[in-house]
Amino acid sequence: MPALSERTKDFTDSVIRRMTRVSLQYNAVNLSQGFPDFDPPKEILDRLAQVAGEDFHQYSITWGAQNFREALAEKQSRLMGRKIDPNGEIVVTCGSTEAMMAAVMTVTNPGDKVVVFSPFYENYGADTVLSGSQPIYVPLYPPEFNFNPDELEAAFRQKPKALILCNPSNPSGKVFTLEELKIIAELAEKYDTFVITDEVYEHIVYEPNKHIYFSSLPGMWERTISCSSLSKTYSITGWRLGYIIAPSYIIDTAKKVHDFLTVGAAAPLQEAAVTGLKFGDDYYRQLRDTYTGKRDLFLKGLDDLKIPHTIPQGAYYILLDISEFGYESDLEFCEVLARDVGVGAVPGSSFFRENVNHLIRLHFAKKDEILNEALNRLEGFRTKIAYRK
Ligand code: GLN
């Protein structure tokens, strides 16, 4: 048989999603792939039930149903501080996964370079490979996950076409400060580079941190492709509703890419989700408070176990330092953790460009009783995991 494509040789399946399968195999509390185990808001579900009996079973407009784009434009205009045109400046996609892929394909040619901060959400690696572009990784240094502006400028000197900015950041939990964003903005301007954002955790930011939309920085609207989704905000990761917001000259091309990648996001789900897009500010405050409670509960439990860990400023991930166990492979450690302790985690190496094997990622988007169950299982885990040194 002929050989399969070269481009698919350069990446594996997603380790994040593989760890969900490992968790299921060992009946572990799955704190690996980040998605909530609690219900979406009732109003959205009630609307979904009605929609089944209404006329939303065929394709919607390829770049998103009109009322969905209008509701989204209104919400995001409020947040992003500019009037977003629902007709010219939005493409609705199948999750932010498609939004990112479409964004990268919209701005890059094969061989172009794309700056990616490391650690990074693993999709960006595959996005660059699939689009034929090449990542230039710039390290974020723990514990604050700060970048070195000189290292970032060195990456820009290689004339990248775009930079991918995940903010709030998965897996580090970093929320970029205004000063940091300004440095990126200056470099994007100086080297004439696009910035593709992944802002799916825009509403999961812990006080006193604040989310700043990169596109809202002076002069940045024109060169920013903002990607986000409804998955995390309304606890509907399985609905696959995402979007790109950008100036119309970019959106015109993104619409074409999206049209031929997927035609469109599920019409009945768009219709039901409009209910959520129309929620008032109270909903987002409550969401933040709920996650703040979960973060505090989980961090306290981990502190009691005396495991060194990161403290997220946003999103819902924590990196734990497992150096004491002496494993050379964090993937093997995660298998052992799922099998012998009953907790699913993602090996940190799937997020780092650098050779990092001493971190694992857990998420806390779970019901409190499940988080407590995970903490119970972790109690005494030092006696359950075979040390390797
Ligand atoms: N963003 C989630 C994570 O990092 C998962 C997203 C996905 O699997 N599509 O775990």
# chains A, B, ... in the order shown; residues from 1 in each chain; ligands from 1
call {"tool": "residues_near_ligand", "arguments": {"ligand": "ligand 1", "cutoff": "6 Å", "atoms": "only C-alpha atoms and all ligand atoms", "output": "number ranges by chain"}}
result
A: 16-17, 33-34
call {"tool": "residues_around", "arguments": {"residues": "Phe194 in chain A", "least_positions_apart": "2", "cutoff": "9 Å", "atoms": "only C-alpha atoms", "output": "PDB file with N, CA and C atoms, in the first residue's frame"}}
result
ATOM      1  N   VAL A 107      -3.703  32.491   8.340  1.00  0.00           N
ATOM      2  CA  VAL A 107      -2.604  33.468   8.264  1.00  0.00           C
ATOM      3  C   VAL A 107      -1.259  32.896   7.813  1.00  0.00           C
ATOM      4  N   PRO A 160       8.483  35.512  12.455  1.00  0.00           N
ATOM      5  CA  PRO A 160       7.307  34.639  12.478  1.00  0.00           C
ATOM      6  C   PRO A 160       6.101  35.325  11.859  1.00  0.00           C
ATOM      7  N   LYS A 161       5.191  34.537  11.358  1.00  0.00           N
ATOM      8  CA  LYS A 161       3.960  35.096  10.793  1.00  0.00           C
ATOM      9  C   LYS A 161       2.962  35.402  11.903  1.00  0.00           C
ATOM     10  N   ALA A 162       3.027  34.598  12.974  1.00  0.00           N
ATOM     11  CA  ALA A 162       2.049  34.774  14.052  1.00  0.00           C
ATOM     12  C   ALA A 162       2.643  34.320  15.377  1.00  0.00           C
ATOM     13  N   LEU A 163       1.990  34.779  16.460  1.00  0.00           N
ATOM     14  CA  LEU A 163       2.294  34.276  17.801  1.00  0.00           C
ATOM     15  C   LEU A 163       0.984  33.734  18.357  1.00  0.00           C
ATOM     16  N   ILE A 164       1.053  32.580  19.031  1.00  0.00           N
ATOM     17  CA  ILE A 164      -0.153  32.036  19.671  1.00  0.00           C
ATOM     18  C   ILE A 164      -0.106  32.379  21.153  1.00  0.00           C
ATOM     19  N   ALA A 188       4.849  42.567  18.226  1.00  0.00           N
ATOM     20  CA  ALA A 188       3.971  42.203  17.102  1.00  0.00           C
ATOM     21  C   ALA A 188       3.927  43.340  16.082  1.00  0.00           C
ATOM     22  N   GLU A 189       3.910  44.566  16.618  1.00  0.00           N
ATOM     23  CA  GLU A 189       3.888  45.750  15.766  1.00  0.00           C
ATOM     24  C   GLU A 189       5.228  45.908  15.035  1.00  0.00           C
ATOM     25  N   ASP A 192       5.691  43.140  12.610  1.00  0.00           N
ATOM     26  CA  ASP A 192       4.524  42.963  11.737  1.00  0.00           C
ATOM     27  C   ASP A 192       4.018  41.507  11.752  1.00  0.00           C
ATOM     28  N   ILE A 196      -2.584  35.251  17.444  1.00  0.00           N
ATOM     29  CA  ILE A 196      -3.763  34.374  17.506  1.00  0.00           C
ATOM     30  C   ILE A 196      -3.978  34.046  18.977  1.00  0.00           C
ATOM     31  N   GLU A 222      -6.341  45.190  14.715  1.00  0.00           N
ATOM     32  CA  GLU A 222      -6.085  44.902  13.298  1.00  0.00           C
ATOM     33  C   GLU A 222      -5.277  43.640  13.071  1.00  0.00           C
ATOM     34  N   ARG A 223      -4.461  43.257  14.076  1.00  0.00           N
ATOM     35  CA  ARG A 223      -3.596  42.094  13.842  1.00  0.00           C
ATOM     36  C   ARG A 223      -3.906  40.919  14.771  1.00  0.00           C
ATOM     37  N   THR A 224      -5.035  40.983  15.486  1.00  0.00           N
ATOM     38  CA  THR A 224      -5.364  39.903  16.429  1.00  0.00           C
ATOM     39  C   THR A 224      -6.499  39.036  15.904  1.00  0.00           C
ATOM     40  N   ILE A 225      -6.318  37.735  16.002  1.00  0.00           N
ATOM     41  CA  ILE A 225      -7.373  36.785  15.676  1.00  0.00           C
ATOM     42  C   ILE A 225      -7.747  36.157  17.013  1.00  0.00           C
TER      43      ILE A 225
END
call {"tool": "closest_residue", "arguments": {"among": "A:Pro218, A:Gly88, A:Pro36, A:Pro171", "to": "Tyr291 in chain A", "atoms": "only C-alpha atoms"}}
result
A:Pro36
call {"tool": "atom_distance", "arguments": {"atom1": "CA of Ser77 in chain A", "atom2": "CA of Arg285 in chain A"}}
result
17.8 Å
call {"tool": "closest_residue", "arguments": {"among": "A:Gly314, A:Gly348, A:Gly132, A:Gly293", "to": "Phe333 in chain A", "atoms": "only C-alpha atoms"}}
result
A:Gly348
call {"tool": "residues_around", "arguments": {"residues": "Val91 in chain A", "least_positions_apart": "3", "cutoff": "7 Å", "atoms": "only C-alpha atoms", "output": "PyMOL selection string"}}
result
chain A and resi 63-64+243-245+251+255
call {"tool": "write_last_selection", "arguments": {"atoms": "N, CA and C atoms", "output": "CSV table (one decimal), in the first residue's frame"}}
result
chain,number,residue,atom,x,y,z
A,63,TRP,N,-21.0,30.4,8.5
A,63,TRP,CA,-20.2,31.0,9.6
A,63,TRP,C,-21.0,31.3,10.8
A,64,GLY,N,-22.1,30.7,11.0
A,64,GLY,CA,-22.8,30.8,12.3
A,64,GLY,C,-24.2,31.3,12.1
A,243,TYR,N,-15.5,30.0,18.3
A,243,TYR,CA,-15.6,31.1,17.4
A,243,TYR,C,-14.3,31.9,17.2
A,244,ILE,N,-14.2,32.6,16.1
A,244,ILE,CA,-13.1,33.5,15.8
A,244,ILE,C,-13.7,34.9,15.7
A,245,ILE,N,-13.1,35.8,16.4
A,245,ILE,CA,-13.4,37.2,16.2
A,245,ILE,C,-12.2,38.0,15.7
A,251,ILE,N,-11.5,37.8,8.7
A,251,ILE,CA,-12.6,37.0,8.8
A,251,ILE,C,-13.1,36.5,7.4
A,255,LYS,N,-13.6,32.6,7.0
A,255,LYS,CA,-14.9,32.0,6.7
A,255,LYS,C,-14.7,30.9,5.6
call {"tool": "select_by_dssp", "arguments": {"residues": "range 190-271 of chain A", "states": "helix (DSSP H, G or I)", "output": "ChimeraX atom specification"}}
result
/A:190,214-216,221-223,237-239,248-262,267-271
call {"tool": "atom_distance", "arguments": {"atom1": "CA of Glu144 in chain A", "atom2": "CA of Ser14 in chain A"}}
result
26.2 Å
call {"tool": "residues_around", "arguments": {"residues": "Tyr283 in chain A", "least_positions_apart": "2", "cutoff": "12 Å", "atoms": "only C-alpha atoms", "output": "VMD selection string"}}
result
chain A and resid 40 to 41 43 203 to 204 233 to 234 275 to 281 285 to 290
call {"tool": "residues_around", "arguments": {"residues": "Val343 in chain A", "least_positions_apart": "6", "cutoff": "8 Å", "atoms": "only C-alpha atoms", "output": "PDB file with C-alpha atoms, in the first residue's frame"}}
result
ATOM      1  CA  SER A  23      -8.715   6.881  33.538  1.00  0.00           C
ATOM      2  CA  ALA A  28      -9.896   6.501  38.178  1.00  0.00           C
ATOM      3  CA  VAL A  29     -11.264   9.919  39.108  1.00  0.00           C
ATOM      4  CA  ASN A  30     -10.493  11.626  35.827  1.00  0.00           C
ATOM      5  CA  LEU A  31      -8.630  14.858  36.519  1.00  0.00           C
ATOM      6  CA  LEU A 337      -1.230   6.996  39.482  1.00  0.00           C
ATOM      7  CA  ALA A 374      -9.726  12.494  44.506  1.00  0.00           C
ATOM      8  CA  ARG A 377      -7.457   8.745  47.070  1.00  0.00           C
ATOM      9  CA  LEU A 378      -4.327  10.882  46.971  1.00  0.00           C
TER      10      LEU A 378
END
call {"tool": "closest_residue", "arguments": {"among": "A:Pro268, A:Pro2, A:Gly219, A:Gly125", "to": "Val51 in chain A", "atoms": "only C-alpha atoms"}}
result
A:Pro268
call {"tool": "closest_residue", "arguments": {"among": "A:Glu379, A:Glu271, A:Glu89, A:Asp127", "to": "Met105 in chain A", "atoms": "only C-alpha atoms"}}
result
A:Asp127
call {"tool": "closest_residue", "arguments": {"among": "A:Thr93, A:Thr62, A:Asn372, A:Thr108", "to": "Leu230 in chain A", "atoms": "only C-alpha atoms"}}
result
A:Thr93
call {"tool": "closest_residue", "arguments": {"among": "A:Ser216, A:Asn209, A:Thr177, A:Asn170", "to": "Leu79 in chain A", "atoms": "only C-alpha atoms"}}
result
A:Ser216
call {"tool": "residues_around", "arguments": {"residues": "Phe68 in chain A", "least_positions_apart": "5", "cutoff": "9 Å", "atoms": "only C-alpha atoms", "output": "list of chain:residue names"}}
result
A:Ala73, A:Pro86, A:Val92, A:Gln270, A:Glu271, A:Ala273, A:Val274, A:Leu277
call {"tool": "atom_distance", "arguments": {"atom1": "CA of Ser229 in chain A", "atom2": "CA of Glu199 in chain A"}}
result
7.8 Å
call {"tool": "residues_around", "arguments": {"residues": "Asn357 in chain A", "least_positions_apart": "5", "cutoff": "9 Å", "atoms": "only C-alpha atoms", "output": "list in words"}}
result
Ile322, Ser323, Tyr327, Glu328, Ser329, Asp330, Leu331, Pro347, Gly348 and Ser349 of chain A
call {"tool": "select_by_dssp", "arguments": {"residues": "range 197-308 of chain A", "states": "strand (DSSP E or B)", "output": "list of chain:residue names"}}
result
A:Thr197, A:Asp198, A:Val205, A:Thr224, A:Ile225, A:Ser226, A:Cys227, A:Ser228, A:Ser229, A:Leu241, A:Gly242, A:Tyr243, A:Ile244, A:Ile245
call {"tool": "write_last_selection", "arguments": {"atoms": "N, CA, C and O atoms", "output": "PDB file, in the first residue's frame"}}
result
ATOM      1  N   THR A 197      -5.109  34.425  19.524  1.00  0.00           N
ATOM      2  CA  THR A 197      -5.320  34.158  20.945  1.00  0.00           C
ATOM      3  C   THR A 197      -6.202  32.932  21.143  1.00  0.00           C
ATOM      4  O   THR A 197      -7.018  32.593  20.285  1.00  0.00           O
ATOM      5  N   ASP A 198      -5.997  32.286  22.284  1.00  0.00           N
ATOM      6  CA  ASP A 198      -6.893  31.227  22.742  1.00  0.00           C
ATOM      7  C   ASP A 198      -7.360  31.700  24.108  1.00  0.00           C
ATOM      8  O   ASP A 198      -6.592  31.686  25.072  1.00  0.00           O
ATOM      9  N   VAL A 205     -11.050  33.389  35.942  1.00  0.00           N
ATOM     10  CA  VAL A 205      -9.885  34.178  36.355  1.00  0.00           C
ATOM     11  C   VAL A 205     -10.073  34.513  37.832  1.00  0.00           C
ATOM     12  O   VAL A 205     -11.148  34.968  38.223  1.00  0.00           O
ATOM     13  N   THR A 224      -5.035  40.983  15.486  1.00  0.00           N
ATOM     14  CA  THR A 224      -5.364  39.903  16.429  1.00  0.00           C
ATOM     15  C   THR A 224      -6.499  39.036  15.904  1.00  0.00           C
ATOM     16  O   THR A 224      -7.519  39.550  15.429  1.00  0.00           O
ATOM     17  N   ILE A 225      -6.318  37.735  16.002  1.00  0.00           N
ATOM     18  CA  ILE A 225      -7.373  36.785  15.676  1.00  0.00           C
ATOM     19  C   ILE A 225      -7.747  36.157  17.013  1.00  0.00           C
ATOM     20  O   ILE A 225      -6.990  35.353  17.578  1.00  0.00           O
ATOM     21  N   SER A 226      -8.880  36.552  17.556  1.00  0.00           N
ATOM     22  CA  SER A 226      -9.280  36.091  18.889  1.00  0.00           C
ATOM     23  C   SER A 226     -10.104  34.820  18.755  1.00  0.00           C
ATOM     24  O   SER A 226     -11.144  34.812  18.099  1.00  0.00           O
ATOM     25  N   CYS A 227      -9.618  33.751  19.379  1.00  0.00           N
ATOM     26  CA  CYS A 227     -10.343  32.474  19.352  1.00  0.00           C
ATOM     27  C   CYS A 227     -10.854  32.176  20.757  1.00  0.00           C
ATOM     28  O   CYS A 227     -10.143  32.399  21.741  1.00  0.00           O
ATOM     29  N   SER A 228     -12.058  31.673  20.820  1.00  0.00           N
ATOM     30  CA  SER A 228     -12.576  31.255  22.127  1.00  0.00           C
ATOM     31  C   SER A 228     -13.726  30.289  21.900  1.00  0.00           C
ATOM     32  O   SER A 228     -13.971  29.862  20.763  1.00  0.00           O
ATOM     33  N   SER A 229     -14.388  29.931  22.991  1.00  0.00           N
ATOM     34  CA  SER A 229     -15.483  28.975  22.836  1.00  0.00           C
ATOM     35  C   SER A 229     -16.478  29.108  23.970  1.00  0.00           C
ATOM     36  O   SER A 229     -16.245  29.833  24.934  1.00  0.00           O
ATOM     37  N   LEU A 241     -18.879  24.299  20.388  1.00  0.00           N
ATOM     38  CA  LEU A 241     -19.215  25.627  19.863  1.00  0.00           C
ATOM     39  C   LEU A 241     -18.072  26.590  20.180  1.00  0.00           C
ATOM     40  O   LEU A 241     -17.804  26.869  21.358  1.00  0.00           O
ATOM     41  N   GLY A 242     -17.417  27.052  19.157  1.00  0.00           N
ATOM     42  CA  GLY A 242     -16.333  28.002  19.334  1.00  0.00           C
ATOM     43  C   GLY A 242     -16.476  29.128  18.322  1.00  0.00           C
ATOM     44  O   GLY A 242     -17.434  29.156  17.542  1.00  0.00           O
ATOM     45  N   TYR A 243     -15.514  30.025  18.332  1.00  0.00           N
ATOM     46  CA  TYR A 243     -15.613  31.138  17.380  1.00  0.00           C
ATOM     47  C   TYR A 243     -14.288  31.865  17.214  1.00  0.00           C
ATOM     48  O   TYR A 243     -13.388  31.748  18.052  1.00  0.00           O
ATOM     49  N   ILE A 244     -14.230  32.589  16.103  1.00  0.00           N
ATOM     50  CA  ILE A 244     -13.115  33.499  15.843  1.00  0.00           C
ATOM     51  C   ILE A 244     -13.711  34.893  15.745  1.00  0.00           C
ATOM     52  O   ILE A 244     -14.735  35.085  15.070  1.00  0.00           O
ATOM     53  N   ILE A 245     -13.067  35.843  16.382  1.00  0.00           N
ATOM     54  CA  ILE A 245     -13.428  37.249  16.216  1.00  0.00           C
ATOM     55  C   ILE A 245     -12.193  37.971  15.696  1.00  0.00           C
ATOM     56  O   ILE A 245     -11.092  37.813  16.256  1.00  0.00           O
TER      57      ILE A 245
END
